[in-house]
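Have a look at the structure below, then the notes.
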Amino acid sequence: MKLYLRLIKYIGPYKVRLLLAGLCTLVAAGGTIYLPWIIKDVVDQILAEKDLVKLNYISLSIVLVFIIRGIFYYGQSYLMSYVGQHVVIDIRKAVFEKLQRLSMAFYDKNKTGTIMSYVTNDVNALQTAMVDNIVEMITEGFILIASIIAMVYLDWKLFLFTFGTFPFVLLFIDFFGKRIRKSGSKIQEATADITSVLQETVSSARVIKSFVREDYEINRFDKENMNNFRANMKYVKLSATLTPTIELVAAMGVTLIVWYGGRSVIAGEITAGALVAFLSYAVNISNPIKRLSRVIGNIQKALAAAQRVFDVLDLPELIQNAPAAKQLPHVKGNVSFQNVSFAYNADEPILDNVCFEATPGQVVALVGPSGAGKSTVASLLPRFYDVTSGRIIIDGCDIRDVTMESLREQVGIVPQETMLFNGTVYDNILYGRLDATEEEVMAASKAANAHNFIMELPNGYETQLGDRGVNISGGQRQRIAIARAILKNPQILILDEATSALDTESERVVQDALDRLMVGRTSFVIAHRLSTIKNADKILVLEKGKVVEEGNHDELMDKDGLYAHLYKIQYRNKEAQ
C-alpha cells in the first residue's frame, strides 16, 4: 500500500483530468448498474401487464444507456491513459535524472543491462499498473459497491445469506497476492539479467567473434531466457489458480441465491423480477471480484517493479554539492594533493597519503605498475569519487567546497577508450561546449588534426558515426575526442593513456594534437609508454598507492629506481622488436 500511495503522488499534477476520468467511469459503470433494474421492471410490470408502450420506452432507454455508456467509456479510457502515460513519463524522467546524479561507484557496482532495465522494463511494468489496472479497478470497484447497495435494497435478508462467501474471497486474494508480488519481483530481476546479457553481447560483438564464442553466448542467453520463462510460469500458475478459486467461491454464492431466492419467490416474499435483478447484480458482483482478483495480481507484479524503481530513487547520492558550496571561479591551474588516501572498499586502500603539487601550465605524468593508483588519482580530481582522507586543492579551494558543475567545467578528460555518441561528427565535437559556433567547432577540429579526415568523410561534419563511433578508426575517434576537449577549453587536463591503443602512425598524429592541447594548461598524463612522457615537467611514480619517486625524466633515470627500471624494460622490449 505504501508503494502504491507513493505512485499515486505522481498523479497530483493531473488530478483535474483524473477527476474527469473518474466521473466518466462512474457514468459508464452506472449504465451497467441500471440494466438489471430495467430487467426487473420488464419481468414484474411489462410482461405481467402486457404493456407494449412501456416495452417500447424501455427498449429505447436500453439503446440510449449503451450510447451514453460508450461515450463516457471513451472519455474514461482517454483521460486515464493520458494521466497514466504522463505519470510513467515523469517516473522515467525521475529515474534517469537520479542515474545522472549517482556517483561512479554505482556504475562500478551495477551491470549496464541492469541499469538500463530500471528505465525500460521496470518503468514499463508500472505503466500497466497506472493505466489499465487503475481504470479497471475503479470501474469494477464502483460496479461492486453499487451492486451491493442495490442487492441490499432489493432484499437485505437474501443479501446477508449470500454475504458469507465474501471473507473467503478476501482471504484468497491476500494469500495469492503476496506470492504473486514475490513472483513479479523475480520476473523483473530475470528480465534485467536478459537485458544485461543482451547489452554485453551486442557491445562485445567483435570480441565474441574473434574468440568464436557465438555458441557460448547463445547458451548463456538461453540460460537467462529459461530463468525468465520459469519466473513467468510461476506467476502464471499463481494467477491461474487465483481466478478459478475466486470464480468457484462466487459460483457458490450464486447457487445460494438461486436456492434461497427461489424459495422466497415461491413463498411470495419477493417478486420474480426482483430475484432476476438480484441474480444479475450477483453476477455483477462475481465478475468484478474475478476481474479485481486479476487486477490485484497485475498490480502486485507491477509493485515489484515499483520497488526496484524506488530503490534506485532512494539511493543516497554519495557525491553531491555541500550545502554552502560556491562556484569555482576561473582557475589558473594550481593543483595540490594533500595527504590524500582513498579506498573503493574500506579494507582495500588504493591510495595512501599521496602528496604532490602541480603549477599552472605544468605537465605532470603519472606512471607505475598496473594497479598502482594512477587512474584513481585522475578520478579524484573531478570528484568522480571523494577522498577517504586528505584534501585536493585547486587555486586554494578544496574541491569539496565548490559546486561539482563549476569544478568539472574546468577539467577536461581524454580517456583511453574514447566514447562517441551515435550522432554526427559535428554534434560529437559540439558536446564539449553546446553554445559554440560553427567556426569554433571547425577551429577545434583543426587544432586536433581532425579537420582534414572529417572533410574526407561521406558527409563531412554531418557524417553519422554510428554506435560508439564504429564507422571511423581508433585514431580518428581519439582526435574527435581531443577536438571536443579543445572546444571545452578546460584549464586542467587529464589524459588517461590517450594513445596506448593506437598504432605508431596514429599515435604520432594524435600526440601532436595532444601537445597542442596541453599548451598553457595544467595537464596530468597517465601513460604506460614512458617514451611519450619524457618531456613532462614532473613525473610521479606510484607503487601500491604511494608516490615512491618524483622528478623529471633525467632526474629519475639518475636515481636508478623504479622509473628507471620500468623505462629500461620498455626500451629493451622496443630494441628487441
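Ordering of the C-alpha cells sets the chain letters (A, B, ...), residue numbers begin anew at 1 in every chain, and ligands are numbered from 1 in the order given.
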Leaving out segment 530-546 of chain A and any residue of its chain fewer than 6 positions from it, which residues lie within 6 Å of it when counting only C-alpha atoms, given as an MDAnalysis selection string?
-> chainID A and resid 350:352 354 363:368 372:373 552:553
Could you turn the residues from that selection into a file that holds C-alpha atoms, as a tab-separated table (two decimals), in the first residue's frame?
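And here's selection.tsv as it stands now:
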```
chain	number	residue	atom	x	y	z
A	350	ILE	CA	44.08	2.22	-3.26
A	351	LEU	CA	45.91	5.46	-2.41
A	352	ASP	CA	47.89	6.01	0.76
A	354	VAL	CA	49.58	10.87	-1.63
A	363	VAL	CA	52.69	18.72	-17.39
A	364	VAL	CA	52.59	16.08	-14.65
A	365	ALA	CA	52.95	12.45	-15.68
A	366	LEU	CA	51.67	9.56	-13.55
A	367	VAL	CA	53.45	6.26	-14.10
A	368	GLY	CA	53.79	2.97	-12.31
A	372	ALA	CA	49.36	1.44	-8.56
A	373	GLY	CA	46.52	4.03	-8.39
A	552	ASN	CA	61.73	14.83	-14.38
A	553	HIS	CA	62.95	12.11	-16.72
```
Could you write out, as a PyMOL selection string, all the residues of segment 218-436 of chain A that DSSP marks as strand (DSSP E)?
-> chain A and resi 335-345+348-358+363-367+389-394+397-398+411-414
Produce a file of the selected residues containing C-alpha atoms, as a CSV table (one decimal), in the first residue's frame.
```
chain,number,residue,atom,x,y,z
A,335,VAL,CA,46.6,21.7,-8.1
A,336,SER,CA,47.6,20.2,-4.7
A,337,PHE,CA,47.1,16.7,-3.3
A,338,GLN,CA,47.5,16.9,0.4
A,339,ASN,CA,47.8,13.6,2.3
A,340,VAL,CA,45.2,12.0,0.0
A,341,SER,CA,44.1,8.5,0.8
A,342,PHE,CA,41.3,6.6,-0.9
A,343,ALA,CA,39.7,3.1,-0.9
A,344,TYR,CA,36.8,1.8,-3.0
A,345,ASN,CA,36.2,-0.7,-0.2
A,348,GLU,CA,41.2,-2.3,0.3
A,349,PRO,CA,43.2,1.0,0.2
A,350,ILE,CA,44.1,2.2,-3.3
A,351,LEU,CA,45.9,5.5,-2.4
A,352,ASP,CA,47.9,6.0,0.8
A,353,ASN,CA,48.9,9.5,1.9
A,354,VAL,CA,49.6,10.9,-1.6
A,355,CYS,CA,51.1,14.4,-1.7
A,356,PHE,CA,52.2,16.4,-4.8
A,357,GLU,CA,51.6,19.8,-6.4
A,358,ALA,CA,51.2,21.0,-10.0
A,363,VAL,CA,52.7,18.7,-17.4
A,364,VAL,CA,52.6,16.1,-14.7
A,365,ALA,CA,53.0,12.5,-15.7
A,366,LEU,CA,51.7,9.6,-13.6
A,367,VAL,CA,53.5,6.3,-14.1
A,389,SER,CA,41.0,11.3,3.9
A,390,GLY,CA,43.2,14.4,3.0
A,391,ARG,CA,42.3,17.2,0.6
A,392,ILE,CA,42.6,18.2,-3.0
A,393,ILE,CA,43.1,21.9,-3.5
A,394,ILE,CA,42.7,23.9,-6.8
A,397,CYS,CA,39.9,25.9,-2.9
A,398,ASP,CA,39.0,22.5,-1.5
A,411,VAL,CA,38.6,19.9,-16.0
A,412,GLY,CA,38.9,18.2,-19.4
A,413,ILE,CA,39.4,14.4,-19.8
A,414,VAL,CA,40.6,12.5,-22.8
```
May I have the residues within 8 Å of Ala481 of chain A as a PDB file with all heavy atoms, in the first residue's frame, using only C-alpha atoms and disregarding those fewer than 6 positions away in the same chain?
```pdb
ATOM      1  N   VAL A 414      40.527  13.249 -21.614  1.00  0.00           N
ATOM      2  CA  VAL A 414      40.626  12.470 -22.848  1.00  0.00           C
ATOM      3  C   VAL A 414      40.994  11.054 -22.428  1.00  0.00           C
ATOM      4  O   VAL A 414      42.139  10.778 -22.078  1.00  0.00           O
ATOM      5  CB  VAL A 414      41.678  13.039 -23.820  1.00  0.00           C
ATOM      6  CG1 VAL A 414      41.727  12.190 -25.095  1.00  0.00           C
ATOM      7  CG2 VAL A 414      41.354  14.493 -24.163  1.00  0.00           C
ATOM      8  N   THR A 418      37.779   5.967 -26.116  1.00  0.00           N
ATOM      9  CA  THR A 418      37.003   7.141 -26.499  1.00  0.00           C
ATOM     10  C   THR A 418      35.532   6.783 -26.648  1.00  0.00           C
ATOM     11  O   THR A 418      35.186   5.826 -27.330  1.00  0.00           O
ATOM     12  CB  THR A 418      37.522   7.711 -27.831  1.00  0.00           C
ATOM     13  OG1 THR A 418      38.909   7.983 -27.697  1.00  0.00           O
ATOM     14  CG2 THR A 418      36.783   8.985 -28.185  1.00  0.00           C
ATOM     15  N   MET A 419      34.683   7.548 -26.013  1.00  0.00           N
ATOM     16  CA  MET A 419      33.244   7.347 -26.118  1.00  0.00           C
ATOM     17  C   MET A 419      32.651   8.431 -27.011  1.00  0.00           C
ATOM     18  O   MET A 419      32.651   9.604 -26.668  1.00  0.00           O
ATOM     19  CB  MET A 419      32.584   7.395 -24.727  1.00  0.00           C
ATOM     20  CG  MET A 419      31.051   7.404 -24.776  1.00  0.00           C
ATOM     21  SD  MET A 419      30.352   6.031 -25.712  1.00  0.00           S
ATOM     22  CE  MET A 419      30.694   4.687 -24.581  1.00  0.00           C
ATOM     23  N   LEU A 420      32.195   8.007 -28.188  1.00  0.00           N
ATOM     24  CA  LEU A 420      31.483   8.915 -29.075  1.00  0.00           C
ATOM     25  C   LEU A 420      30.019   8.512 -29.117  1.00  0.00           C
ATOM     26  O   LEU A 420      29.679   7.340 -28.949  1.00  0.00           O
ATOM     27  CB  LEU A 420      32.087   8.877 -30.484  1.00  0.00           C
ATOM     28  CG  LEU A 420      33.554   9.313 -30.602  1.00  0.00           C
ATOM     29  CD1 LEU A 420      34.007   9.271 -32.052  1.00  0.00           C
ATOM     30  CD2 LEU A 420      33.769  10.706 -30.027  1.00  0.00           C
ATOM     31  N   ILE A 429      31.601  16.784 -31.478  1.00  0.00           N
ATOM     32  CA  ILE A 429      32.567  17.820 -31.093  1.00  0.00           C
ATOM     33  C   ILE A 429      31.865  18.916 -30.292  1.00  0.00           C
ATOM     34  O   ILE A 429      32.371  19.381 -29.268  1.00  0.00           O
ATOM     35  CB  ILE A 429      33.260  18.414 -32.336  1.00  0.00           C
ATOM     36  CG1 ILE A 429      34.045  17.322 -33.075  1.00  0.00           C
ATOM     37  CG2 ILE A 429      34.185  19.565 -31.949  1.00  0.00           C
ATOM     38  CD1 ILE A 429      34.654  17.763 -34.399  1.00  0.00           C
TER      39      ILE A 429
END
```
Shell of 8 Å around Gly460 of chain A, only C-alpha atoms, local chain residues under 5 positions omitted, as a VMD selection string = chain A and resid 425 454 to 455
Extract, using only C-alpha atoms, all DNA, RNA and protein residues at most 8 Å from Glu140 of chain A, discarding same-chain residues fewer than 6 positions from it, and format them as an MDAnalysis selection string.
-> chainID A and resid 29 288:289 291:292
Using the selection just defined, write its residues with C-alpha atoms as a PDB file, in the first residue's frame.
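To be explicit, this is the file written out as part.pdb:
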```
ATOM      1  CA  ALA A  29     -20.358   1.950 -14.819  1.00  0.00           C
ATOM      2  CA  PRO A 288     -15.843  -7.511 -10.611  1.00  0.00           C
ATOM      3  CA  ILE A 289     -14.483  -9.813  -7.925  1.00  0.00           C
ATOM      4  CA  ARG A 291     -11.558  -9.095 -12.520  1.00  0.00           C
ATOM      5  CA  LEU A 292     -10.362  -7.350  -9.399  1.00  0.00           C
TER       6      LEU A 292
END
```
A:Ile218, A:Lys157, A:Leu52, A:Ile285: which is nearest Ile143 of chain A, counting only C-alpha atoms?
->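 Between A:Ile218, A:Lys157, A:Leu52, A:Ile285, the residue approaching Ile143 of chain A most closely is A:Ile285.
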Residues of segment 287-328 of chain A that approach segment 91-94 of chain A to 12 Å or less, counting only C-alpha atoms: could you list each one with the shortest pair of atoms and its distance in Å to one decimal, rows by chain and increasing residue number, as a tab-separated table?
```
residue	atom	partner	partner_atom	distance
A:Ala306	CA	A:Ile91	CA	9.9
A:Val309	CA	A:Ile91	CA	8.6
A:Phe310	CA	A:Ile91	CA	9.5
A:Val312	CA	A:Ala94	CA	9.9
A:Leu313	CA	A:Ala94	CA	7.6
A:Asp314	CA	A:Ala94	CA	11.1
```
Output file for the residues above (N, CA and C atoms, as a compact mmCIF listing (two decimals), in the first residue's frame):
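Okay, out_38.txt is ready:
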```txt
# COMPACT_ATOMS: atom_id res chain seq x y z
N ALA A 306 7.88 -1.49 -9.13
CA ALA A 306 7.91 -0.20 -8.43
C ALA A 306 8.94 -0.21 -7.32
N VAL A 309 12.26 0.36 -8.82
CA VAL A 309 12.40 1.75 -9.26
C VAL A 309 12.64 2.67 -8.06
N PHE A 310 11.86 2.50 -7.00
CA PHE A 310 12.00 3.36 -5.84
C PHE A 310 13.28 3.06 -5.07
N VAL A 312 16.05 2.58 -6.52
CA VAL A 312 17.02 3.44 -7.22
C VAL A 312 16.82 4.89 -6.80
N LEU A 313 15.56 5.34 -6.78
CA LEU A 313 15.29 6.74 -6.42
C LEU A 313 15.71 7.06 -4.99
N ASP A 314 15.72 6.04 -4.14
CA ASP A 314 16.09 6.26 -2.74
C ASP A 314 17.57 6.08 -2.45
```
Do you have the atom CA of Glu462 of chain A-atom CA of Val441 of chain A distance handy?
-> 12.6 Å
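From atom CA of Gly113 of chain A back to atom CA of Val197 of chain A, the distance works out to 7.0 Å.
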Considering only C-alpha atoms, state which residue in the set A:Phe72, A:Val525, A:Val53, A:Ile399 is at the smallest distance from Leu380 of chain A.
->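 Among A:Phe72, A:Val525, A:Val53, A:Ile399, it is A:Ile399 that comes nearest to Leu380 of chain A.
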When you draw a straight line from atom CA of Pro458 of chain A to atom CA of Glu438 of chain A, how long is it in Å?
-> 19.0 Å
Shell of 12 Å around Ile149 of chain A, only C-alpha atoms, local chain residues under 5 positions omitted, as an mmCIF file with all heavy atoms, in the first residue's frame:
```
data_model
loop_
_atom_site.group_PDB
_atom_site.id
_atom_site.type_symbol
_atom_site.label_atom_id
_atom_site.label_comp_id
_atom_site.auth_asym_id
_atom_site.auth_seq_id
_atom_site.Cartn_x
_atom_site.Cartn_y
_atom_site.Cartn_z
ATOM 1 N N ILE A 33 -24.989 -0.814 -13.989
ATOM 2 C CA ILE A 33 -25.823 -0.986 -12.801
ATOM 3 C C ILE A 33 -27.304 -0.825 -13.134
ATOM 4 O O ILE A 33 -28.179 -1.493 -12.559
ATOM 5 C CB ILE A 33 -25.412 0.035 -11.717
ATOM 6 C CG1 ILE A 33 -23.964 -0.219 -11.271
ATOM 7 C CG2 ILE A 33 -26.349 -0.002 -10.525
ATOM 8 C CD1 ILE A 33 -23.729 -1.586 -10.686
ATOM 9 N N PHE A 142 -16.591 0.330 -8.471
ATOM 10 C CA PHE A 142 -17.877 1.049 -8.432
ATOM 11 C C PHE A 142 -19.037 0.094 -8.688
ATOM 12 O O PHE A 142 -20.072 0.140 -7.998
ATOM 13 C CB PHE A 142 -17.880 2.170 -9.465
ATOM 14 C CG PHE A 142 -19.193 2.892 -9.568
ATOM 15 C CD1 PHE A 142 -19.562 3.829 -8.610
ATOM 16 C CD2 PHE A 142 -20.079 2.622 -10.604
ATOM 17 C CE1 PHE A 142 -20.779 4.495 -8.692
ATOM 18 C CE2 PHE A 142 -21.294 3.277 -10.690
ATOM 19 C CZ PHE A 142 -21.640 4.217 -9.730
ATOM 20 N N ILE A 143 -18.868 -0.770 -9.702
ATOM 21 C CA ILE A 143 -19.920 -1.740 -10.012
ATOM 22 C C ILE A 143 -20.171 -2.647 -8.808
ATOM 23 O O ILE A 143 -21.324 -2.956 -8.468
ATOM 24 C CB ILE A 143 -19.539 -2.569 -11.257
ATOM 25 C CG1 ILE A 143 -19.550 -1.679 -12.505
ATOM 26 C CG2 ILE A 143 -20.477 -3.754 -11.440
ATOM 27 C CD1 ILE A 143 -19.027 -2.361 -13.755
ATOM 28 N N LEU A 144 -19.101 -3.064 -8.158
ATOM 29 C CA LEU A 144 -19.217 -3.941 -6.998
ATOM 30 C C LEU A 144 -20.005 -3.262 -5.875
ATOM 31 O O LEU A 144 -20.958 -3.834 -5.323
ATOM 32 C CB LEU A 144 -17.819 -4.315 -6.508
ATOM 33 C CG LEU A 144 -17.730 -5.200 -5.254
ATOM 34 C CD1 LEU A 144 -18.341 -6.561 -5.515
ATOM 35 C CD2 LEU A 144 -16.279 -5.346 -4.809
ATOM 36 N N LEU A 154 -33.022 -4.473 -2.620
ATOM 37 C CA LEU A 154 -33.993 -5.449 -3.129
ATOM 38 C C LEU A 154 -34.412 -6.441 -2.047
ATOM 39 O O LEU A 154 -35.602 -6.731 -1.891
ATOM 40 C CB LEU A 154 -33.391 -6.197 -4.329
ATOM 41 C CG LEU A 154 -33.311 -5.421 -5.645
ATOM 42 C CD1 LEU A 154 -32.464 -6.167 -6.665
ATOM 43 C CD2 LEU A 154 -34.721 -5.182 -6.220
ATOM 44 N N ASP A 155 -33.460 -7.001 -1.315
ATOM 45 C CA ASP A 155 -33.787 -7.962 -0.253
ATOM 46 C C ASP A 155 -32.568 -8.117 0.653
ATOM 47 O O ASP A 155 -31.630 -8.859 0.341
ATOM 48 C CB ASP A 155 -34.175 -9.311 -0.866
ATOM 49 C CG ASP A 155 -34.805 -10.243 0.166
ATOM 50 O OD1 ASP A 155 -34.297 -10.314 1.297
ATOM 51 O OD2 ASP A 155 -35.801 -10.907 -0.182
ATOM 52 N N TRP A 156 -32.588 -7.437 1.770
ATOM 53 C CA TRP A 156 -31.408 -7.446 2.649
ATOM 54 C C TRP A 156 -31.174 -8.806 3.281
ATOM 55 O O TRP A 156 -30.040 -9.195 3.548
ATOM 56 C CB TRP A 156 -31.537 -6.363 3.715
ATOM 57 C CG TRP A 156 -32.692 -6.558 4.676
ATOM 58 C CD1 TRP A 156 -33.954 -6.089 4.545
ATOM 59 C CD2 TRP A 156 -32.659 -7.289 5.902
ATOM 60 N NE1 TRP A 156 -34.735 -6.465 5.609
ATOM 61 C CE2 TRP A 156 -33.953 -7.210 6.474
ATOM 62 C CE3 TRP A 156 -31.664 -7.996 6.587
ATOM 63 C CZ2 TRP A 156 -34.292 -7.808 7.676
ATOM 64 C CZ3 TRP A 156 -31.986 -8.589 7.795
ATOM 65 C CH2 TRP A 156 -33.290 -8.509 8.327
ATOM 66 N N PHE A 159 -29.402 -10.885 0.778
ATOM 67 C CA PHE A 159 -28.014 -10.420 0.665
ATOM 68 C C PHE A 159 -27.157 -10.974 1.801
ATOM 69 O O PHE A 159 -26.048 -11.462 1.580
ATOM 70 C CB PHE A 159 -27.965 -8.894 0.666
ATOM 71 C CG PHE A 159 -26.564 -8.347 0.745
ATOM 72 C CD1 PHE A 159 -25.724 -8.377 -0.353
ATOM 73 C CD2 PHE A 159 -26.066 -7.846 1.948
ATOM 74 C CE1 PHE A 159 -24.427 -7.895 -0.268
ATOM 75 C CE2 PHE A 159 -24.772 -7.373 2.038
ATOM 76 C CZ PHE A 159 -23.942 -7.397 0.919
ATOM 77 N N LEU A 160 -27.671 -10.873 3.040
ATOM 78 C CA LEU A 160 -26.905 -11.385 4.183
ATOM 79 C C LEU A 160 -26.662 -12.886 4.064
ATOM 80 O O LEU A 160 -25.620 -13.396 4.474
ATOM 81 C CB LEU A 160 -27.655 -11.083 5.494
ATOM 82 C CG LEU A 160 -27.688 -9.610 5.930
ATOM 83 C CD1 LEU A 160 -28.528 -9.462 7.192
ATOM 84 C CD2 LEU A 160 -26.278 -9.091 6.163
ATOM 85 N N PHE A 278 -31.769 -9.408 -8.720
ATOM 86 C CA PHE A 278 -30.803 -9.758 -7.675
ATOM 87 C C PHE A 278 -29.712 -10.663 -8.234
ATOM 88 O O PHE A 278 -28.519 -10.492 -7.949
ATOM 89 C CB PHE A 278 -31.536 -10.463 -6.520
ATOM 90 C CG PHE A 278 -30.758 -10.501 -5.241
ATOM 91 C CD1 PHE A 278 -30.944 -9.552 -4.263
ATOM 92 C CD2 PHE A 278 -29.809 -11.496 -5.026
ATOM 93 C CE1 PHE A 278 -30.221 -9.582 -3.080
ATOM 94 C CE2 PHE A 278 -29.073 -11.539 -3.845
ATOM 95 C CZ PHE A 278 -29.281 -10.580 -2.868
ATOM 96 N N TYR A 281 -27.360 -8.643 -10.352
ATOM 97 C CA TYR A 281 -26.412 -7.905 -9.528
ATOM 98 C C TYR A 281 -25.375 -8.841 -8.910
ATOM 99 O O TYR A 281 -24.209 -8.467 -8.712
ATOM 100 C CB TYR A 281 -27.147 -7.126 -8.438
ATOM 101 C CG TYR A 281 -27.852 -5.898 -8.958
ATOM 102 C CD1 TYR A 281 -29.224 -5.737 -8.783
ATOM 103 C CD2 TYR A 281 -27.147 -4.893 -9.622
ATOM 104 C CE1 TYR A 281 -29.875 -4.609 -9.265
ATOM 105 C CE2 TYR A 281 -27.793 -3.772 -10.100
ATOM 106 C CZ TYR A 281 -29.163 -3.632 -9.922
ATOM 107 O OH TYR A 281 -29.799 -2.516 -10.408
ATOM 108 N N ALA A 282 -25.817 -10.063 -8.585
ATOM 109 C CA ALA A 282 -24.866 -11.048 -8.056
ATOM 110 C C ALA A 282 -23.798 -11.371 -9.092
ATOM 111 O O ALA A 282 -22.616 -11.523 -8.767
ATOM 112 C CB ALA A 282 -25.600 -12.313 -7.635
ATOM 113 N N ASN A 284 -23.020 -9.270 -11.427
ATOM 114 C CA ASN A 284 -22.243 -8.032 -11.456
ATOM 115 C C ASN A 284 -21.185 -8.011 -10.352
ATOM 116 O O ASN A 284 -20.143 -7.371 -10.492
ATOM 117 C CB ASN A 284 -23.164 -6.821 -11.279
ATOM 118 C CG ASN A 284 -23.764 -6.355 -12.596
ATOM 119 O OD1 ASN A 284 -23.410 -6.854 -13.650
ATOM 120 N ND2 ASN A 284 -24.706 -5.417 -12.522
ATOM 121 N N ILE A 285 -21.475 -8.687 -9.240
ATOM 122 C CA ILE A 285 -20.508 -8.766 -8.153
ATOM 123 C C ILE A 285 -19.429 -9.799 -8.472
ATOM 124 O O ILE A 285 -18.236 -9.555 -8.273
ATOM 125 C CB ILE A 285 -21.211 -9.127 -6.824
ATOM 126 C CG1 ILE A 285 -21.965 -7.915 -6.301
ATOM 127 C CG2 ILE A 285 -20.198 -9.577 -5.783
ATOM 128 C CD1 ILE A 285 -22.711 -8.186 -5.018
#
```
Within 10 Å of Thr32 of chain A, counting only C-alpha atoms, which residues show up once you throw out same-chain ones fewer than 5 positions away? Write them as a PyMOL selection string, please.
-> chain A and resi 26-27+37+65-66+69+143+146-147+281+284
Could you dump the residues just selected with all heavy atoms as a compact mmCIF listing (two decimals), in the first residue's frame?
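Saved as again35.txt:
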```txt
# COMPACT_ATOMS: atom_id res chain seq x y z
N LEU A 26 -17.74 6.60 -13.53
CA LEU A 26 -18.97 6.41 -12.76
C LEU A 26 -20.19 6.36 -13.68
O LEU A 26 -21.09 5.53 -13.50
CB LEU A 26 -19.13 7.54 -11.74
CG LEU A 26 -18.07 7.59 -10.62
CD1 LEU A 26 -18.34 8.76 -9.69
CD2 LEU A 26 -18.05 6.29 -9.84
N VAL A 27 -20.23 7.25 -14.67
CA VAL A 27 -21.37 7.27 -15.60
C VAL A 27 -21.39 5.99 -16.43
O VAL A 27 -22.45 5.36 -16.61
CB VAL A 27 -21.31 8.50 -16.52
CG1 VAL A 27 -22.41 8.44 -17.57
CG2 VAL A 27 -21.44 9.78 -15.69
N TRP A 37 -31.94 -3.31 -13.28
CA TRP A 37 -33.17 -2.71 -12.79
C TRP A 37 -34.22 -2.66 -13.91
O TRP A 37 -35.42 -2.84 -13.67
CB TRP A 37 -32.88 -1.31 -12.26
CG TRP A 37 -33.87 -0.89 -11.21
CD1 TRP A 37 -35.01 -0.17 -11.38
CD2 TRP A 37 -33.81 -1.21 -9.82
NE1 TRP A 37 -35.67 -0.01 -10.20
CE2 TRP A 37 -34.96 -0.63 -9.21
CE3 TRP A 37 -32.92 -1.91 -9.02
CZ2 TRP A 37 -35.21 -0.75 -7.85
CZ3 TRP A 37 -33.17 -2.01 -7.67
CH2 TRP A 37 -34.30 -1.45 -7.10
N VAL A 65 -28.92 4.10 -23.04
CA VAL A 65 -27.95 3.78 -21.98
C VAL A 65 -26.63 3.33 -22.58
O VAL A 65 -25.55 3.75 -22.14
CB VAL A 65 -28.52 2.70 -21.03
CG1 VAL A 65 -27.41 2.10 -20.16
CG2 VAL A 65 -29.59 3.29 -20.14
N PHE A 66 -26.70 2.46 -23.61
CA PHE A 66 -25.46 1.97 -24.21
C PHE A 66 -24.72 3.06 -24.98
O PHE A 66 -23.48 3.09 -25.00
CB PHE A 66 -25.76 0.78 -25.13
CG PHE A 66 -25.78 -0.53 -24.42
CD1 PHE A 66 -26.96 -1.07 -23.93
CD2 PHE A 66 -24.61 -1.24 -24.22
CE1 PHE A 66 -26.99 -2.27 -23.25
CE2 PHE A 66 -24.61 -2.45 -23.54
CZ PHE A 66 -25.80 -2.97 -23.06
N ARG A 69 -23.21 5.23 -22.28
CA ARG A 69 -22.14 4.44 -21.66
C ARG A 69 -20.91 4.41 -22.56
O ARG A 69 -19.76 4.54 -22.09
CB ARG A 69 -22.65 3.03 -21.42
CG ARG A 69 -21.67 2.12 -20.71
CD ARG A 69 -22.38 0.83 -20.36
NE ARG A 69 -21.43 -0.12 -19.80
CZ ARG A 69 -21.17 -1.32 -20.31
NH1 ARG A 69 -21.79 -1.71 -21.40
NH2 ARG A 69 -20.32 -2.12 -19.73
N ILE A 143 -18.87 -0.77 -9.70
CA ILE A 143 -19.92 -1.74 -10.01
C ILE A 143 -20.17 -2.65 -8.81
O ILE A 143 -21.32 -2.96 -8.47
CB ILE A 143 -19.54 -2.57 -11.26
CG1 ILE A 143 -19.55 -1.68 -12.51
CG2 ILE A 143 -20.48 -3.75 -11.44
CD1 ILE A 143 -19.03 -2.36 -13.75
N ALA A 146 -21.97 -0.50 -6.00
CA ALA A 146 -23.34 -0.16 -6.40
C ALA A 146 -24.23 -1.40 -6.45
O ALA A 146 -25.42 -1.35 -6.09
CB ALA A 146 -23.32 0.53 -7.76
N SER A 147 -23.67 -2.52 -6.91
CA SER A 147 -24.45 -3.76 -6.96
C SER A 147 -24.83 -4.23 -5.56
O SER A 147 -25.95 -4.71 -5.34
CB SER A 147 -23.65 -4.85 -7.68
OG SER A 147 -23.40 -4.50 -9.03
N TYR A 281 -27.36 -8.64 -10.35
CA TYR A 281 -26.41 -7.91 -9.53
C TYR A 281 -25.37 -8.84 -8.91
O TYR A 281 -24.21 -8.47 -8.71
CB TYR A 281 -27.15 -7.13 -8.44
CG TYR A 281 -27.85 -5.90 -8.96
CD1 TYR A 281 -29.22 -5.74 -8.78
CD2 TYR A 281 -27.15 -4.89 -9.62
CE1 TYR A 281 -29.87 -4.61 -9.27
CE2 TYR A 281 -27.79 -3.77 -10.10
CZ TYR A 281 -29.16 -3.63 -9.92
OH TYR A 281 -29.80 -2.52 -10.41
N ASN A 284 -23.02 -9.27 -11.43
CA ASN A 284 -22.24 -8.03 -11.46
C ASN A 284 -21.19 -8.01 -10.35
O ASN A 284 -20.14 -7.37 -10.49
CB ASN A 284 -23.16 -6.82 -11.28
CG ASN A 284 -23.76 -6.36 -12.60
OD1 ASN A 284 -23.41 -6.85 -13.65
ND2 ASN A 284 -24.71 -5.42 -12.52
```
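Distance annotation: of A:Ala192, A:Met80, A:Ile472, A:Val331, the residue with the minimal separation from Thr522 of chain A is A:Val331; atom set is only C-alpha atoms.
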From the list A:Ala28, A:Ile11, A:Ala485, A:Ile38, which residue is nearest Tyr82 of chain A when using only C-alpha atoms?
-> A:Ile11
